file final_10.cif (mmCIF, C-alpha atoms and all ligand atoms)
data_final
loop_
_atom_site.label_atom_id
_atom_site.label_comp_id
_atom_site.auth_asym_id
_atom_site.auth_seq_id
_atom_site.Cartn_x
_atom_site.Cartn_y
_atom_site.Cartn_z
CA MET A 1 84.81 121.59 96.15
CA SER A 2 84.41 120.19 92.64
CA SER A 3 84.47 116.44 92.25
CA SER A 4 87.59 116.64 90.05
CA GLU A 5 89.61 118.16 92.86
CA PRO A 6 91.90 115.61 94.53
CA ALA A 7 91.39 114.86 98.20
CA PRO A 8 93.56 116.75 100.67
CA TYR A 9 96.72 114.76 101.32
CA ILE A 10 98.01 116.69 104.33
CA VAL A 11 95.51 118.31 106.67
CA CYS A 12 96.56 120.66 109.47
CA THR A 13 93.86 121.57 111.97
CA ASP A 14 94.47 124.24 114.60
CA VAL A 15 98.15 123.27 114.90
CA ARG A 16 99.87 124.96 117.82
CA LYS A 17 103.47 124.90 118.92
CA ALA A 18 105.36 126.87 121.53
CA PHE A 19 109.01 126.92 122.51
CA GLY A 20 108.81 127.79 126.20
CA SER A 21 106.51 130.79 126.39
CA HIS A 22 107.10 131.71 122.75
CA GLU A 23 104.12 130.61 120.67
CA VAL A 24 105.46 129.89 117.21
CA LEU A 25 102.41 128.29 115.55
CA LYS A 26 99.18 129.87 116.73
CA GLY A 27 96.50 127.59 115.39
CA VAL A 28 97.40 126.81 111.80
CA SER A 29 94.62 125.20 109.76
CA THR A 30 95.18 124.35 106.12
CA GLN A 31 95.18 121.53 103.61
CA PHE A 32 97.61 120.42 100.92
CA ARG A 33 96.19 118.48 97.98
CA THR A 34 97.84 115.84 95.84
CA GLY A 35 99.63 117.41 92.88
CA GLU A 36 99.50 120.87 94.37
CA VAL A 37 102.56 123.13 94.63
CA THR A 38 102.32 125.46 97.61
CA VAL A 39 104.87 128.20 98.17
CA ILE A 40 105.12 129.54 101.72
CA ILE A 41 106.62 132.97 102.24
CA GLY A 42 106.92 135.19 105.28
CA ALA A 43 109.38 136.94 107.53
CA SER A 44 112.15 135.10 109.31
CA GLY A 45 110.86 133.67 112.57
CA SER A 46 107.22 133.51 111.47
CA GLY A 47 107.02 129.72 111.91
CA LYS A 48 107.46 128.42 108.35
CA SER A 49 110.17 125.88 109.19
CA THR A 50 108.37 124.82 112.33
CA LEU A 51 105.28 123.93 110.30
CA LEU A 52 107.30 121.84 107.83
CA ARG A 53 109.16 120.18 110.69
CA ALA A 54 105.89 119.44 112.48
CA ILE A 55 104.51 117.74 109.36
CA ASN A 56 107.55 115.46 109.40
CA ARG A 57 107.51 115.14 113.20
CA LEU A 58 111.01 116.59 113.47
CA GLU A 59 109.28 118.94 115.91
CA PRO A 60 106.19 117.57 117.70
CA HIS A 61 103.27 119.98 117.79
CA ASP A 62 101.60 120.74 121.12
CA SER A 63 97.96 120.59 120.08
CA GLY A 64 95.68 120.42 117.09
CA SER A 65 96.18 117.70 114.51
CA ILE A 66 98.17 116.94 111.41
CA THR A 67 97.11 114.05 109.20
CA ILE A 68 98.89 112.58 106.20
CA ASP A 69 96.62 110.64 103.89
CA GLY A 70 94.11 110.47 106.73
CA VAL A 71 96.54 109.14 109.34
CA ALA A 72 97.50 111.32 112.31
CA VAL A 73 101.13 112.37 112.71
CA GLY A 74 102.19 111.27 116.18
CA ASP A 75 104.66 109.20 118.12
CA ASP A 76 103.94 105.69 116.88
CA ALA A 77 107.30 104.60 115.48
CA ALA A 78 106.08 102.32 112.70
CA THR A 79 103.53 104.86 111.46
CA LEU A 80 106.13 107.61 111.61
CA GLN A 81 108.63 105.63 109.58
CA ARG A 82 106.03 105.00 106.91
CA GLN A 83 104.94 108.64 106.89
CA ARG A 84 108.51 109.86 106.65
CA SER A 85 109.09 107.63 103.65
CA GLU A 86 106.05 109.23 102.01
CA VAL A 87 107.04 112.79 102.90
CA GLY A 88 110.48 113.76 101.64
CA MET A 89 112.36 116.75 102.98
CA VAL A 90 114.99 119.00 101.44
CA PHE A 91 116.85 121.36 103.77
CA GLN A 92 118.60 124.68 103.32
CA GLN A 93 121.95 123.12 104.27
CA PHE A 94 121.48 120.02 102.06
CA ASN A 95 122.21 117.65 104.99
CA LEU A 96 123.92 115.04 102.84
CA PHE A 97 125.85 112.32 104.64
CA GLY A 98 129.42 113.62 104.35
CA HIS A 99 131.10 110.24 104.74
CA LEU A 100 129.07 108.62 101.94
CA THR A 101 129.40 108.99 98.18
CA VAL A 102 126.61 110.60 96.21
CA LEU A 103 125.41 107.15 95.12
CA ASP A 104 125.43 105.80 98.67
CA ASN A 105 123.56 108.89 99.90
CA LEU A 106 120.78 107.90 97.51
CA THR A 107 120.73 104.16 98.17
CA LEU A 108 120.96 104.22 101.98
CA ALA A 109 117.30 104.80 102.87
CA PRO A 110 115.79 102.62 100.12
CA ARG A 111 118.03 99.74 101.22
CA ARG A 112 117.46 100.19 104.95
CA VAL A 113 113.83 101.25 105.03
CA ARG A 114 112.37 99.74 101.88
CA ARG A 115 114.73 96.73 101.81
CA THR A 116 115.42 97.41 98.15
CA PRO A 117 118.16 95.06 96.87
CA ARG A 118 121.52 96.78 96.34
CA SER A 119 121.65 96.45 92.56
CA GLN A 120 118.11 97.72 92.15
CA ALA A 121 118.71 100.62 94.55
CA ARG A 122 121.81 101.59 92.54
CA GLU A 123 119.96 101.42 89.27
CA GLN A 124 117.16 103.63 90.61
CA ALA A 125 119.70 106.03 92.12
CA MET A 126 121.55 106.42 88.81
CA ALA A 127 118.28 107.18 87.03
CA LEU A 128 117.46 109.84 89.62
CA LEU A 129 120.95 111.34 89.38
CA ALA A 130 120.46 111.60 85.62
CA ARG A 131 117.18 113.37 86.23
CA VAL A 132 118.93 116.10 88.26
CA GLY A 133 121.95 116.20 85.93
CA MET A 134 124.34 114.61 88.44
CA GLN A 135 124.99 111.19 86.90
CA ASP A 136 128.67 111.98 86.30
CA HIS A 137 129.22 112.67 90.01
CA ALA A 138 127.87 109.43 91.48
CA HIS A 139 131.17 108.37 93.03
CA LYS A 140 132.16 111.72 94.49
CA TYR A 141 131.74 112.81 98.09
CA PRO A 142 129.58 115.82 99.02
CA TRP A 143 132.64 117.99 99.80
CA GLN A 144 133.77 117.61 96.19
CA LEU A 145 130.58 119.24 94.91
CA SER A 146 129.35 122.83 94.69
CA GLY A 147 126.38 123.88 96.80
CA GLY A 148 124.05 123.73 93.82
CA GLN A 149 125.25 120.23 92.97
CA GLN A 150 124.83 119.11 96.59
CA GLN A 151 121.30 120.43 96.66
CA ARG A 152 120.44 118.63 93.42
CA VAL A 153 121.78 115.43 95.00
CA ALA A 154 119.68 116.12 98.10
CA ILE A 155 116.58 116.39 95.90
CA ALA A 156 117.47 113.12 94.16
CA ARG A 157 117.97 111.53 97.57
CA ALA A 158 114.50 112.64 98.64
CA LEU A 159 113.09 111.21 95.40
CA ALA A 160 114.81 107.87 96.02
CA MET A 161 112.14 106.97 98.55
CA ALA A 162 109.43 107.65 95.96
CA PRO A 163 107.69 110.12 98.27
CA LYS A 164 104.15 111.35 97.71
CA VAL A 165 105.12 114.88 98.70
CA ILE A 166 108.36 116.79 99.19
CA LEU A 167 108.82 119.60 101.69
CA PHE A 168 111.50 122.14 100.74
CA ASP A 169 112.79 124.47 103.46
CA GLU A 170 114.53 127.40 101.75
CA PRO A 171 116.38 125.08 99.36
CA THR A 172 118.27 127.88 97.60
CA SER A 173 118.96 130.23 100.52
CA ALA A 174 122.42 128.83 101.26
CA LEU A 175 123.54 128.89 97.63
CA ASP A 176 125.75 131.33 95.79
CA PRO A 177 123.53 133.34 93.44
CA GLU A 178 124.85 131.65 90.29
CA MET A 179 123.70 128.27 91.59
CA VAL A 180 120.16 129.16 92.53
CA GLN A 181 118.75 128.65 89.03
CA GLU A 182 120.01 125.10 88.53
CA VAL A 183 118.19 124.03 91.70
CA LEU A 184 115.01 125.94 90.82
CA ASP A 185 115.09 124.31 87.38
CA VAL A 186 115.08 120.85 88.96
CA MET A 187 112.22 121.88 91.24
CA ARG A 188 110.26 123.32 88.35
CA GLU A 189 110.59 120.04 86.45
CA LEU A 190 109.40 118.11 89.47
CA ALA A 191 106.38 120.37 89.74
CA HIS A 192 105.57 119.94 86.07
CA GLY A 193 105.84 116.19 86.57
CA GLY A 194 103.00 116.39 89.08
CA MET A 195 104.92 116.13 92.36
CA THR A 196 103.11 117.48 95.40
CA MET A 197 105.39 120.12 96.88
CA ILE A 198 105.40 122.52 99.82
CA VAL A 199 108.16 125.03 99.31
CA VAL A 200 109.36 127.65 101.76
CA THR A 201 111.30 130.12 99.64
CA HIS A 202 112.03 133.78 99.04
CA GLU A 203 112.17 133.21 95.27
CA MET A 204 109.19 135.26 94.14
CA GLY A 205 109.74 134.35 90.49
CA PHE A 206 109.40 130.66 91.35
CA ALA A 207 106.26 131.41 93.36
CA ARG A 208 104.71 133.33 90.46
CA GLU A 209 105.59 130.78 87.81
CA VAL A 210 105.34 127.43 89.53
CA ALA A 211 103.06 127.66 92.56
CA ASP A 212 99.40 126.75 92.51
CA ARG A 213 99.06 128.59 95.78
CA VAL A 214 101.06 131.16 97.72
CA MET A 215 100.72 131.34 101.46
CA PHE A 216 101.97 134.19 103.63
CA PHE A 217 103.00 133.38 107.19
CA ASP A 218 102.88 136.13 109.78
CA GLN A 219 103.78 135.53 113.42
CA GLY A 220 102.62 131.93 113.52
CA CYS A 221 99.46 132.41 111.48
CA ILE A 222 98.54 132.08 107.82
CA ALA A 223 97.77 135.68 106.96
CA HIS A 224 96.98 135.16 103.27
CA ASP A 225 96.57 132.18 100.96
CA ALA A 226 95.71 132.57 97.28
CA PRO A 227 96.69 131.47 93.76
CA PRO A 228 99.81 133.42 92.68
CA ALA A 229 98.13 135.68 90.12
CA GLU A 230 95.63 136.78 92.73
CA PHE A 231 98.19 136.83 95.56
CA PHE A 232 100.60 139.15 93.78
CA ALA A 233 97.89 141.35 92.27
CA ASN A 234 96.15 141.77 95.58
CA PRO A 235 98.45 140.82 98.49
CA GLY A 236 95.74 141.43 101.05
CA SER A 237 97.62 143.89 103.25
CA GLU A 238 100.26 146.58 103.05
CA ARG A 239 102.51 144.40 105.22
CA ILE A 240 102.47 141.60 102.64
CA ARG A 241 102.88 144.05 99.77
CA ALA A 242 105.98 145.49 101.47
CA PHE A 243 107.38 142.00 102.03
CA ILE A 244 106.93 141.06 98.36
CA ARG A 245 108.59 144.31 97.30
CA ARG A 246 111.62 143.59 99.50
CA MET A 247 111.98 140.06 98.09
CA SER A 248 111.50 140.87 94.41
P1 LIG B 301 110.92 130.64 110.01
O1 LIG B 301 111.25 129.34 109.37
O2 LIG B 301 109.65 131.25 109.52
O3 LIG B 301 112.07 131.61 109.93
P2 LIG B 301 110.96 129.10 112.44
O4 LIG B 301 109.81 128.18 112.33
O5 LIG B 301 112.31 128.55 112.18
O6 LIG B 301 110.68 130.39 111.56
O7 LIG B 301 111.02 129.71 113.89
C1 LIG B 301 109.94 130.40 114.47
C2 LIG B 301 110.39 130.88 115.85
O8 LIG B 301 110.60 129.75 116.67
C3 LIG B 301 111.68 131.66 115.84
O9 LIG B 301 111.57 132.72 116.76
C4 LIG B 301 112.71 130.67 116.31
O10 LIG B 301 113.76 131.30 116.98
C5 LIG B 301 111.90 129.79 117.24
N1 LIG B 301 112.41 128.41 117.27
C6 LIG B 301 112.46 127.56 116.23
N2 LIG B 301 112.96 126.36 116.61
C7 LIG B 301 113.23 126.47 117.94
C8 LIG B 301 113.75 125.57 118.92
N3 LIG B 301 114.09 124.30 118.59
N4 LIG B 301 113.87 126.05 120.17
C9 LIG B 301 113.51 127.29 120.50
N5 LIG B 301 113.02 128.19 119.63
C10 LIG B 301 112.88 127.78 118.36
MG MG B 302 112.95 128.74 108.37
#

call {"tool": "encode", "arguments": {"input": "final_10.cif", "output": "structure tokens", "more": "lines below"}}
Ligand code: ADP
Ligand code: MG
result
Amino acid sequence: MSSSEPAPYIVCTDVRKAFGSHEVLKGVSTQFRTGEVTVIIGASGSGKSTLLRAINRLEPHDSGSITIDGVAVGDDAATLQRQRSEVGMVFQQFNLFGHLTVLDNLTLAPRRVRRTPRSQAREQAMALLARVGMQDHAHKYPWQLSGGQQQRVAIARALAMAPKVILFDEPTSALDPEMVQEVLDVMRELAHGGMTMIVVTHEMGFAREVADRVMFFDQGCIAHDAPPAEFFANPGSERIRAFIRRMS
């Protein structure tokens, strides 16, 4: 490791998780560095979401360890709240609060968790909405927005907590095709701005252009992990090559 390389921010060591007798993560060891964009690909059911959810403790792992900035992810409530404010999450189904306006979706967590004063939270929220091109929709409710607009709001909401890293779980998979690009554009800008990102996606173009690293999940294991140029030139196995072909 060269001295210019940033320290690993998230470290997973032999992470295991089973649902009943079904082992979904079979000893995952990897690290995610500050400023790095990692794209995770792999077949449905291979454990990609479970890994992201374990990092955020939405799904507790059974054994092994996950640390965020050197602190173990576990059950301590105060630690968990702090870690969750540092690790944002964007879901396939947006998960906006349907009874709140766009603006209130963005200000809720900063006000409750960070105790940010209302006027300041609103000001920050409006700046973030401008960043994702949604400033004209601040007073609408989620149901009044398209899927692409909702997802851009969900990204702005994640940013409202000023996270150190954002986990994206198939952020464009629920979108109509014509809306995929507007969300990828926002993500690309975030990446260029230096945000640390872990992105589960089937968008191979995004992986090629934006990722620092592409990781292939296969049946609960990391089967391949390489910079995109290398990954796509030499996928490591016929199974991965076939997967890439199907997705491209
Ligand atoms: P991926 O995101 O790669 O499609 P997941 O991590 O969602 O895969 O799921 C991996 C496997 O774990 C799947 O077989 C899925 O059905 C199973 N699984 C995920 N969450 C649960 C759960 N809460 N209870 C039982 N099985 C689950
Ligand atoms: Mg998934």

call {"tool": "closest_atom_pairs", "arguments": {"input": "final_10.cif", "of": "chain A", "to": "ligand MG 302 (chain B)", "cutoff": "12 Å", "atoms": "all atoms listed in the file", "output": "JSON lines"}}
result
{"residue": "A:Val24", "atom": "CA", "partner": "B:MG302", "partner_atom": "MG", "distance": 11.6}
{"residue": "A:Ile40", "atom": "CA", "partner": "B:MG302", "partner_atom": "MG", "distance": 10.3}
{"residue": "A:Ile41", "atom": "CA", "partner": "B:MG302", "partner_atom": "MG", "distance": 9.8}
{"residue": "A:Gly42", "atom": "CA", "partner": "B:MG302", "partner_atom": "MG", "distance": 9.4}
{"residue": "A:Ala43", "atom": "CA", "partner": "B:MG302", "partner_atom": "MG", "distance": 9.0}
{"residue": "A:Ser44", "atom": "CA", "partner": "B:MG302", "partner_atom": "MG", "distance": 6.5}
{"residue": "A:Gly45", "atom": "CA", "partner": "B:MG302", "partner_atom": "MG", "distance": 6.8}
{"residue": "A:Ser46", "atom": "CA", "partner": "B:MG302", "partner_atom": "MG", "distance": 8.1}
{"residue": "A:Gly47", "atom": "CA", "partner": "B:MG302", "partner_atom": "MG", "distance": 7.0}
{"residue": "A:Lys48", "atom": "CA", "partner": "B:MG302", "partner_atom": "MG", "distance": 5.5}
{"residue": "A:Ser49", "atom": "CA", "partner": "B:MG302", "partner_atom": "MG", "distance": 4.1}
{"residue": "A:Thr50", "atom": "CA", "partner": "B:MG302", "partner_atom": "MG", "distance": 7.2}
{"residue": "A:Leu51", "atom": "CA", "partner": "B:MG302", "partner_atom": "MG", "distance": 9.3}
{"residue": "A:Leu52", "atom": "CA", "partner": "B:MG302", "partner_atom": "MG", "distance": 8.9}
{"residue": "A:Arg53", "atom": "CA", "partner": "B:MG302", "partner_atom": "MG", "distance": 9.6}
{"residue": "A:Phe91", "atom": "CA", "partner": "B:MG302", "partner_atom": "MG", "distance": 9.5}
{"residue": "A:Gln92", "atom": "CA", "partner": "B:MG302", "partner_atom": "MG", "distance": 8.6}
{"residue": "A:Gln93", "atom": "CA", "partner": "B:MG302", "partner_atom": "MG", "distance": 11.4}
{"residue": "A:Phe168", "atom": "CA", "partner": "B:MG302", "partner_atom": "MG", "distance": 10.2}
{"residue": "A:Asp169", "atom": "CA", "partner": "B:MG302", "partner_atom": "MG", "distance": 6.5}
{"residue": "A:Glu170", "atom": "CA", "partner": "B:MG302", "partner_atom": "MG", "distance": 6.9}
{"residue": "A:Pro171", "atom": "CA", "partner": "B:MG302", "partner_atom": "MG", "distance": 10.3}
{"residue": "A:Ser173", "atom": "CA", "partner": "B:MG302", "partner_atom": "MG", "distance": 10.0}
{"residue": "A:Ala174", "atom": "CA", "partner": "B:MG302", "partner_atom": "MG", "distance": 11.8}
{"residue": "A:Val199", "atom": "CA", "partner": "B:MG302", "partner_atom": "MG", "distance": 10.9}
{"residue": "A:Val200", "atom": "CA", "partner": "B:MG302", "partner_atom": "MG", "distance": 7.6}
{"residue": "A:Thr201", "atom": "CA", "partner": "B:MG302", "partner_atom": "MG", "distance": 9.0}
{"residue": "A:His202", "atom": "CA", "partner": "B:MG302", "partner_atom": "MG", "distance": 10.6}
{"residue": "A:Phe217", "atom": "CA", "partner": "B:MG302", "partner_atom": "MG", "distance": 11.0}
{"residue": "A:Gly220", "atom": "CA", "partner": "B:MG302", "partner_atom": "MG", "distance": 12.0}

call {"tool": "closest_residue", "arguments": {"input": "final_10.cif", "among": "A:Val15, A:Val90, A:Val37, A:Met247", "to": "Gly194 of chain A", "atoms": "all atoms listed in the file"}}
result
A:Val37

call {"tool": "closest_residue", "arguments": {"input": "final_10.cif", "among": "A:Arg239, A:Lys140, A:His22, A:Arg16", "to": "ligand LIG 301 (chain B)", "atoms": "all atoms listed in the file"}}
result
A:His22

call {"tool": "axis_aligned_box", "arguments": {"input": "final_10.cif", "around": "segment 94-106 of chain A", "padding_each_side": "6 Å", "output": "lines of an AutoDock Vina configuration file"}}
result
center_x = 125.9
center_y = 112.9
center_z = 100.1
size_x = 22.3
size_y = 26.2
size_z = 21.9

call {"tool": "residues_near_point", "arguments": {"input": "final_10.cif", "point": "(130.4, 117.1, 99.0)", "cutoff": "12 Å", "atoms": "all atoms listed in the file", "output": "JSON, numbers by chain"}}
result
{"A": [93, 94, 95, 96, 97, 98, 99, 100, 101, 102, 103, 105, 137, 138, 139, 140, 141, 142, 143, 144, 145, 146, 147, 148, 149, 150, 151, 152, 153, 154]}

call {"tool": "residues_near_point", "arguments": {"input": "final_10.cif", "point": "(108.4, 107.3, 106.6)", "cutoff": "10 Å", "atoms": "only C-alpha atoms", "output": "number ranges by chain"}}
result
A: 56, 77-88, 109, 113-114, 161, 163

call {"tool": "closest_residue", "arguments": {"input": "final_10.cif", "among": "A:Pro60, A:Gly20, A:Gly236, A:Pro177", "to": "Glu203 of chain A", "atoms": "all atoms listed in the file"}}
result
A:Pro177

call {"tool": "closest_residue", "arguments": {"input": "final_10.cif", "among": "A:Val210, A:Met195, A:Ile10, A:Val183", "to": "Met134 of chain A", "atoms": "all atoms listed in the file"}}
result
A:Val183

call {"tool": "closest_residue", "arguments": {"input": "final_10.cif", "among": "A:Pro117, A:Asp176, A:Met215, A:Val28", "to": "Pro235 of chain A", "atoms": "all atoms listed in the file"}}
result
A:Met215

call {"tool": "atom_distance", "arguments": {"input": "final_10.cif", "atom1": "atom CA of Asp185 of chain A", "atom2": "atom CA of Arg33 of chain A"}}
result
22.4 Å

call {"tool": "atom_distance", "arguments": {"input": "final_10.cif", "atom1": "atom CA of Phe32 of chain A", "atom2": "atom CA of Ala211 of chain A"}}
result
12.3 Å
